[in-house]
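One file, structure38.txt, is given below (compact mmCIF, N, CA and C atoms).
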```txt
# COMPACT_ATOMS: atom_id res chain seq x y z
N MET A 1 88.23 39.51 90.76
CA MET A 1 87.59 39.29 89.50
C MET A 1 86.41 40.24 89.33
N ARG A 2 85.61 40.42 90.40
CA ARG A 2 84.48 41.34 90.32
C ARG A 2 84.96 42.76 90.07
N PHE A 3 86.10 43.11 90.67
CA PHE A 3 86.65 44.45 90.47
C PHE A 3 86.97 44.69 89.00
N LEU A 4 87.62 43.72 88.36
CA LEU A 4 87.97 43.86 86.95
C LEU A 4 86.73 43.97 86.08
N PHE A 5 85.72 43.18 86.38
CA PHE A 5 84.47 43.23 85.62
C PHE A 5 83.81 44.61 85.79
N GLY A 6 83.77 45.10 87.02
CA GLY A 6 83.19 46.42 87.29
C GLY A 6 83.97 47.53 86.60
N ALA A 7 85.28 47.43 86.64
CA ALA A 7 86.12 48.44 85.98
C ALA A 7 85.89 48.43 84.47
N ALA A 8 85.74 47.24 83.91
CA ALA A 8 85.48 47.13 82.47
C ALA A 8 84.14 47.74 82.12
N LEU A 9 83.12 47.50 82.94
CA LEU A 9 81.80 48.08 82.69
C LEU A 9 81.85 49.60 82.74
N ILE A 10 82.55 50.14 83.71
CA ILE A 10 82.67 51.60 83.82
C ILE A 10 83.40 52.15 82.61
N ALA A 11 84.47 51.51 82.20
CA ALA A 11 85.23 51.98 81.04
C ALA A 11 84.39 51.94 79.78
N LEU A 12 83.59 50.90 79.62
CA LEU A 12 82.78 50.76 78.41
C LEU A 12 81.51 51.58 78.44
N SER A 13 81.14 52.13 79.60
CA SER A 13 79.89 52.88 79.68
C SER A 13 79.91 54.13 78.80
N GLY A 14 81.08 54.65 78.49
CA GLY A 14 81.19 55.81 77.62
C GLY A 14 81.20 55.45 76.15
N CYS A 15 81.17 54.18 75.82
CA CYS A 15 81.25 53.74 74.42
C CYS A 15 79.86 53.59 73.83
N THR A 16 79.21 54.70 73.56
CA THR A 16 77.90 54.66 72.93
C THR A 16 77.95 55.48 71.67
N ALA A 17 77.19 55.06 70.67
CA ALA A 17 77.13 55.81 69.42
C ALA A 17 76.39 57.11 69.63
N GLY A 18 76.80 58.15 68.94
CA GLY A 18 76.14 59.45 69.04
C GLY A 18 74.76 59.41 68.42
N ALA A 19 73.84 60.19 68.98
CA ALA A 19 72.50 60.31 68.42
C ALA A 19 72.55 61.18 67.17
N GLU A 20 71.46 61.18 66.42
CA GLU A 20 71.38 61.99 65.19
C GLU A 20 71.76 63.43 65.51
N GLY A 21 72.65 64.00 64.73
CA GLY A 21 73.06 65.38 64.92
C GLY A 21 74.24 65.55 65.85
N ASN A 22 74.64 64.49 66.53
CA ASN A 22 75.80 64.57 67.41
C ASN A 22 77.02 64.07 66.68
N PRO A 23 78.21 64.52 67.08
CA PRO A 23 79.43 64.06 66.43
C PRO A 23 79.60 62.55 66.58
N PRO A 24 80.35 61.93 65.65
CA PRO A 24 80.61 60.50 65.78
C PRO A 24 81.45 60.23 67.01
N PRO A 25 81.53 58.98 67.44
CA PRO A 25 82.31 58.66 68.63
C PRO A 25 83.75 59.13 68.48
N GLU A 26 84.34 59.55 69.58
CA GLU A 26 85.73 60.01 69.58
C GLU A 26 86.65 58.85 69.23
N THR A 27 87.63 59.12 68.42
CA THR A 27 88.59 58.09 68.06
C THR A 27 90.00 58.47 68.51
N GLY A 28 90.09 59.42 69.43
CA GLY A 28 91.39 59.82 69.94
C GLY A 28 92.25 60.52 68.90
N GLY A 29 91.60 61.14 67.91
CA GLY A 29 92.34 61.84 66.87
C GLY A 29 92.86 60.93 65.78
N MET A 30 92.67 59.65 65.93
CA MET A 30 93.12 58.68 64.93
C MET A 30 91.91 57.94 64.38
N ALA A 31 91.95 57.66 63.10
CA ALA A 31 90.89 56.86 62.50
C ALA A 31 91.02 55.42 63.00
N PRO A 32 89.89 54.74 63.16
CA PRO A 32 89.96 53.33 63.57
C PRO A 32 90.84 52.52 62.61
N GLN A 33 91.56 51.56 63.15
CA GLN A 33 92.53 50.79 62.37
C GLN A 33 92.01 49.45 61.87
N THR A 34 90.77 49.09 62.24
CA THR A 34 90.19 47.84 61.76
C THR A 34 88.84 48.14 61.11
N GLU A 35 88.42 47.25 60.22
CA GLU A 35 87.14 47.45 59.54
C GLU A 35 85.99 47.47 60.54
N ALA A 36 86.02 46.57 61.51
CA ALA A 36 84.94 46.52 62.50
C ALA A 36 84.85 47.82 63.30
N ALA A 37 86.00 48.32 63.75
CA ALA A 37 86.01 49.57 64.52
C ALA A 37 85.57 50.74 63.65
N CYS A 38 85.96 50.74 62.40
CA CYS A 38 85.58 51.80 61.47
C CYS A 38 84.06 51.83 61.29
N LEU A 39 83.49 50.67 61.00
CA LEU A 39 82.05 50.58 60.79
C LEU A 39 81.29 50.94 62.06
N ALA A 40 81.82 50.54 63.23
CA ALA A 40 81.18 50.86 64.50
C ALA A 40 81.17 52.37 64.76
N ALA A 41 82.19 53.07 64.23
CA ALA A 41 82.28 54.52 64.39
C ALA A 41 81.48 55.26 63.32
N GLY A 42 80.79 54.52 62.46
CA GLY A 42 79.99 55.15 61.40
C GLY A 42 80.77 55.44 60.15
N GLY A 43 81.95 54.85 60.02
CA GLY A 43 82.81 55.11 58.87
C GLY A 43 82.59 54.14 57.72
N ARG A 44 83.36 54.38 56.67
CA ARG A 44 83.36 53.52 55.49
C ARG A 44 84.78 52.99 55.32
N TRP A 45 84.94 51.70 55.17
CA TRP A 45 86.24 51.04 55.06
C TRP A 45 86.55 50.82 53.58
N GLY A 46 87.70 51.28 53.11
CA GLY A 46 88.05 51.07 51.71
C GLY A 46 89.39 51.67 51.36
N PRO A 47 89.78 51.53 50.08
CA PRO A 47 91.07 52.05 49.63
C PRO A 47 91.05 53.57 49.57
N GLY A 48 92.24 54.16 49.70
CA GLY A 48 92.34 55.62 49.61
C GLY A 48 93.75 56.05 49.28
N GLY A 49 93.87 56.99 48.37
CA GLY A 49 95.18 57.50 48.00
C GLY A 49 96.08 56.41 47.45
N LEU A 50 97.34 56.50 47.79
CA LEU A 50 98.32 55.52 47.31
C LEU A 50 98.53 54.37 48.28
N PHE A 51 97.79 54.37 49.38
CA PHE A 51 97.96 53.31 50.37
C PHE A 51 97.52 51.97 49.80
N PRO A 52 98.32 50.92 50.00
CA PRO A 52 97.93 49.61 49.48
C PRO A 52 96.84 48.95 50.32
N ASP A 53 96.74 49.33 51.58
CA ASP A 53 95.77 48.72 52.48
C ASP A 53 94.55 49.63 52.64
N PRO A 54 93.38 49.06 52.91
CA PRO A 54 92.20 49.89 53.13
C PRO A 54 92.33 50.71 54.42
N LEU A 55 91.58 51.77 54.50
CA LEU A 55 91.58 52.62 55.68
C LEU A 55 90.16 53.11 55.94
N CYS A 56 89.99 53.82 57.04
CA CYS A 56 88.68 54.26 57.48
C CYS A 56 88.41 55.70 57.05
N PHE A 57 87.28 55.89 56.38
CA PHE A 57 86.81 57.23 56.02
C PHE A 57 85.66 57.56 56.97
N LEU A 58 85.86 58.55 57.83
CA LEU A 58 84.85 58.91 58.82
C LEU A 58 84.05 60.12 58.35
N PRO A 59 82.73 60.08 58.55
CA PRO A 59 81.92 61.24 58.19
C PRO A 59 82.17 62.39 59.16
N ASN A 60 82.14 63.60 58.65
CA ASN A 60 82.27 64.78 59.50
C ASN A 60 80.87 65.19 59.97
N PRO A 61 80.71 65.53 61.25
CA PRO A 61 79.39 65.89 61.76
C PRO A 61 78.82 67.16 61.14
N ASP A 62 79.69 68.01 60.58
CA ASP A 62 79.23 69.27 59.98
C ASP A 62 79.30 69.24 58.45
N ALA A 63 79.31 68.06 57.87
CA ALA A 63 79.40 67.90 56.41
C ALA A 63 78.35 68.75 55.69
N GLY A 64 78.81 69.51 54.69
CA GLY A 64 77.91 70.33 53.89
C GLY A 64 77.57 71.68 54.48
N LYS A 65 77.99 71.94 55.72
CA LYS A 65 77.73 73.22 56.36
C LYS A 65 78.54 74.31 55.67
N SER A 66 77.99 75.49 55.54
CA SER A 66 78.68 76.62 54.94
C SER A 66 79.88 77.02 55.81
N CYS A 67 81.00 77.37 55.17
CA CYS A 67 82.18 77.78 55.92
C CYS A 67 82.93 78.89 55.19
N ALA A 68 83.66 79.69 55.96
CA ALA A 68 84.46 80.78 55.41
C ALA A 68 85.93 80.69 55.81
N LYS A 69 86.24 79.78 56.75
CA LYS A 69 87.62 79.58 57.20
C LYS A 69 87.73 78.21 57.85
N ALA A 70 88.95 77.78 58.08
CA ALA A 70 89.22 76.43 58.57
C ALA A 70 88.48 76.08 59.86
N SER A 71 88.46 77.00 60.82
CA SER A 71 87.86 76.68 62.12
C SER A 71 86.34 76.58 62.09
N ASP A 72 85.73 76.89 60.96
CA ASP A 72 84.28 76.73 60.83
C ASP A 72 83.90 75.26 60.69
N CYS A 73 84.87 74.39 60.46
CA CYS A 73 84.60 72.97 60.21
C CYS A 73 85.38 72.07 61.16
N VAL A 74 84.81 70.92 61.46
CA VAL A 74 85.53 69.89 62.20
C VAL A 74 86.63 69.32 61.32
N GLY A 75 86.31 69.12 60.04
CA GLY A 75 87.28 68.61 59.08
C GLY A 75 87.87 69.74 58.26
N THR A 76 87.66 69.69 56.96
CA THR A 76 88.24 70.65 56.02
C THR A 76 87.17 71.55 55.44
N CYS A 77 87.46 72.85 55.32
CA CYS A 77 86.57 73.80 54.65
C CYS A 77 86.99 73.83 53.18
N LEU A 78 86.17 73.25 52.31
CA LEU A 78 86.49 73.16 50.89
C LEU A 78 86.28 74.51 50.21
N ALA A 79 87.31 74.99 49.49
CA ALA A 79 87.27 76.32 48.89
C ALA A 79 86.25 76.45 47.78
N GLU A 80 86.16 75.46 46.90
CA GLU A 80 85.28 75.57 45.74
C GLU A 80 83.81 75.73 46.13
N SER A 81 83.36 74.93 47.08
CA SER A 81 81.95 74.98 47.48
C SER A 81 81.72 75.82 48.72
N ARG A 82 82.81 76.16 49.44
CA ARG A 82 82.73 76.85 50.73
C ARG A 82 81.81 76.10 51.69
N THR A 83 82.01 74.78 51.70
CA THR A 83 81.29 73.92 52.62
C THR A 83 82.27 72.98 53.31
N CYS A 84 81.85 72.47 54.46
CA CYS A 84 82.68 71.51 55.19
C CYS A 84 82.68 70.17 54.46
N ALA A 85 83.84 69.56 54.39
CA ALA A 85 84.01 68.29 53.69
C ALA A 85 83.13 67.21 54.31
N PRO A 86 82.64 66.29 53.47
CA PRO A 86 81.76 65.24 53.98
C PRO A 86 82.48 64.17 54.79
N VAL A 87 83.75 63.89 54.48
CA VAL A 87 84.48 62.82 55.17
C VAL A 87 85.93 63.23 55.41
N GLN A 88 86.58 62.46 56.29
CA GLN A 88 88.02 62.56 56.50
C GLN A 88 88.57 61.15 56.38
N PRO A 89 89.71 60.95 55.81
CA PRO A 89 90.59 61.91 55.13
C PRO A 89 90.12 62.18 53.70
N ILE A 90 90.75 63.19 53.09
CA ILE A 90 90.50 63.54 51.70
C ILE A 90 91.78 63.26 50.92
N PHE A 91 91.65 62.63 49.77
CA PHE A 91 92.80 62.35 48.92
C PHE A 91 92.65 63.06 47.58
N GLY A 92 93.78 63.22 46.90
CA GLY A 92 93.80 63.90 45.61
C GLY A 92 94.15 65.36 45.79
N CYS A 93 94.00 66.14 44.72
CA CYS A 93 94.29 67.57 44.77
C CYS A 93 92.99 68.33 44.99
N TYR A 94 93.01 69.24 45.93
CA TYR A 94 91.83 70.04 46.23
C TYR A 94 92.26 71.35 46.89
N ALA A 95 91.37 72.33 46.86
CA ALA A 95 91.63 73.62 47.50
C ALA A 95 90.79 73.70 48.77
N PHE A 96 91.40 74.24 49.82
CA PHE A 96 90.68 74.43 51.08
C PHE A 96 90.93 75.84 51.57
N LEU A 97 90.14 76.28 52.55
CA LEU A 97 90.32 77.60 53.14
C LEU A 97 91.09 77.45 54.44
N ASP A 98 92.13 78.29 54.61
CA ASP A 98 92.91 78.24 55.84
C ASP A 98 92.19 79.05 56.93
N GLU A 99 92.84 79.23 58.07
CA GLU A 99 92.22 79.93 59.19
C GLU A 99 91.91 81.39 58.89
N ASP A 100 92.62 81.99 57.95
CA ASP A 100 92.34 83.38 57.56
C ASP A 100 91.39 83.47 56.38
N GLY A 101 90.88 82.34 55.92
CA GLY A 101 89.95 82.33 54.80
C GLY A 101 90.63 82.37 53.44
N ARG A 102 91.96 82.21 53.43
CA ARG A 102 92.69 82.19 52.16
C ARG A 102 92.63 80.81 51.54
N GLU A 103 92.55 80.78 50.21
CA GLU A 103 92.50 79.52 49.48
C GLU A 103 93.89 78.92 49.37
N VAL A 104 93.99 77.65 49.71
CA VAL A 104 95.24 76.90 49.64
C VAL A 104 94.95 75.61 48.88
N THR A 105 95.83 75.26 47.93
CA THR A 105 95.66 74.02 47.18
C THR A 105 96.69 73.01 47.67
N ILE A 106 96.24 71.77 47.81
CA ILE A 106 97.11 70.70 48.29
C ILE A 106 96.80 69.43 47.52
N CYS A 107 97.79 68.58 47.39
CA CYS A 107 97.59 67.25 46.81
C CYS A 107 98.01 66.24 47.87
N ALA A 108 97.08 65.39 48.27
CA ALA A 108 97.35 64.40 49.31
C ALA A 108 97.14 63.00 48.76
N ASP A 109 98.16 62.18 48.86
CA ASP A 109 98.06 60.80 48.41
C ASP A 109 98.27 59.90 49.59
```
Written as C-alpha cells, that's how I'd like the structure from this file.
Amino acid sequence: MRFLFGAALIALSGCTAGAEGNPPPETGGMAPQTEAACLAAGGRWGPGGLFPDPLCFLPNPDAGKSCAKASDCVGTCLAESRTCAPVQPIFGCYAFLDEDGREVTICAD
C-alpha cells in the first residue's frame, strides 16, 4: 500500500501549473476531455464549431507574437495579422501561414 501511495506521489509531482510566461501544462497533444481538466489546464470550456458537445479551448503560450511561418507559433500563425493565434482549436474560415510562409485558407467546423 505504501508503494502505491509513493508511486502516485511521484507520478503527480510533475502535475504543476506553469508559471507566468511558461507554456500551459502538457496535455499529451490532446485537449482535456472534461470541464474540470480543461479549467485546470487554463482553458475555457464551451461550444465550438458544429460539435454538439462543449470542448476545451486552450490558450497558446505565444498568443499575439509576431510570426512569418507556421513554425514560429505553438498553434497557428494567422495570415491577416501575422500573429500567433490566441487559442486552440480555431473554428470557422480563416487564413494561416504554412511552413514556407505562404497564405492558406481553411474552413474548420
Q | Given only C-alpha atoms as the counted atoms, nearest of A:Pro54, A:Pro61, A:Gly49, A:Gly75 to Ala108 of chain A | A |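 Closest to Ala108 of chain A, using only C-alpha atoms: A:Gly49.
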Q) Which of segment 40-87 of chain A counts as strand (DSSP E or B) under DSSP, as a ChimeraX atom specification please? A) /A:44-46,55-59,66,77-78,83-84,87
Could those selected residues go to a file with N, CA and C atoms, as a tab-separated table (two decimals), in the coordinates of the input?
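Contents of part35.tsv, freshly written:
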```
chain	number	residue	atom	x	y	z
A	44	ARG	N	83.36	54.38	56.67
A	44	ARG	CA	83.36	53.52	55.49
A	44	ARG	C	84.78	52.99	55.32
A	45	TRP	N	84.94	51.70	55.17
A	45	TRP	CA	86.24	51.04	55.06
A	45	TRP	C	86.55	50.82	53.58
A	46	GLY	N	87.70	51.28	53.11
A	46	GLY	CA	88.05	51.07	51.71
A	46	GLY	C	89.39	51.67	51.36
A	55	LEU	N	91.58	51.77	54.50
A	55	LEU	CA	91.58	52.62	55.68
A	55	LEU	C	90.16	53.11	55.94
A	56	CYS	N	89.99	53.82	57.04
A	56	CYS	CA	88.68	54.26	57.48
A	56	CYS	C	88.41	55.70	57.05
A	57	PHE	N	87.28	55.89	56.38
A	57	PHE	CA	86.81	57.23	56.02
A	57	PHE	C	85.66	57.56	56.97
A	58	LEU	N	85.86	58.55	57.83
A	58	LEU	CA	84.85	58.91	58.82
A	58	LEU	C	84.05	60.12	58.35
A	59	PRO	N	82.73	60.08	58.55
A	59	PRO	CA	81.92	61.24	58.19
A	59	PRO	C	82.17	62.39	59.16
A	66	SER	N	77.99	75.49	55.54
A	66	SER	CA	78.68	76.62	54.94
A	66	SER	C	79.88	77.02	55.81
A	77	CYS	N	87.46	72.85	55.32
A	77	CYS	CA	86.57	73.80	54.65
A	77	CYS	C	86.99	73.83	53.18
A	78	LEU	N	86.17	73.25	52.31
A	78	LEU	CA	86.49	73.16	50.89
A	78	LEU	C	86.28	74.51	50.21
A	83	THR	N	82.01	74.78	51.70
A	83	THR	CA	81.29	73.92	52.62
A	83	THR	C	82.27	72.98	53.31
A	84	CYS	N	81.85	72.47	54.46
A	84	CYS	CA	82.68	71.51	55.19
A	84	CYS	C	82.68	70.17	54.46
A	87	VAL	N	83.75	63.89	54.48
A	87	VAL	CA	84.48	62.82	55.17
A	87	VAL	C	85.93	63.23	55.41
```
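For the pair atom CA of Asp100 of chain A and atom C of Ser71 of chain A, the separation is 10.1 Å.
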Q. How many Å separate atom N of Thr83 of chain A from atom N of Gln33 of chain A?
A. 27.6 Å
Q: Would you mind telling me which residue in A:Phe96, A:Val87, A:Cys77, A:Asp72 lies nearest to Pro59 of chain A when using only N, CA and C atoms?
A: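 Ranking A:Phe96, A:Val87, A:Cys77, A:Asp72 by distance to Pro59 of chain A, first place goes to A:Val87.
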Residues at most 7 Å from Ala41 of chain A, counting only N, CA and C atoms, excluding those fewer than 2 positions away in the same chain, as a compact mmCIF listing (two decimals) with N, CA and C atoms, keeping the file's coordinate frame?
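Printed below is around-v3.txt as written:
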```txt
# COMPACT_ATOMS: atom_id res chain seq x y z
N PRO A 24 80.35 61.93 65.65
CA PRO A 24 80.61 60.50 65.78
C PRO A 24 81.45 60.23 67.01
N PRO A 25 81.53 58.98 67.44
CA PRO A 25 82.31 58.66 68.63
C PRO A 25 83.75 59.13 68.48
N ALA A 36 86.02 46.57 61.51
CA ALA A 36 84.94 46.52 62.50
C ALA A 36 84.85 47.82 63.30
N ALA A 37 86.00 48.32 63.75
CA ALA A 37 86.01 49.57 64.52
C ALA A 37 85.57 50.74 63.65
N CYS A 38 85.96 50.74 62.40
CA CYS A 38 85.58 51.80 61.47
C CYS A 38 84.06 51.83 61.29
N LEU A 39 83.49 50.67 61.00
CA LEU A 39 82.05 50.58 60.79
C LEU A 39 81.29 50.94 62.06
N GLY A 43 81.95 54.85 60.02
CA GLY A 43 82.81 55.11 58.87
C GLY A 43 82.59 54.14 57.72
N ARG A 44 83.36 54.38 56.67
CA ARG A 44 83.36 53.52 55.49
C ARG A 44 84.78 52.99 55.32
N LEU A 58 85.86 58.55 57.83
CA LEU A 58 84.85 58.91 58.82
C LEU A 58 84.05 60.12 58.35
N PRO A 59 82.73 60.08 58.55
CA PRO A 59 81.92 61.24 58.19
C PRO A 59 82.17 62.39 59.16
```
Q | d(atom N of Pro47 of chain A, atom C of Pro86 of chain A) in Å | A |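 These atoms are spaced 15.3 Å apart.
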Q | Counting only C-alpha atoms, the option among A:Glu35, A:Ala40, A:Gly64, A:Cys56 closest to Ser81 of chain A | A |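 That would be A:Gly64, the residue with the smallest distance to Ser81 of chain A.
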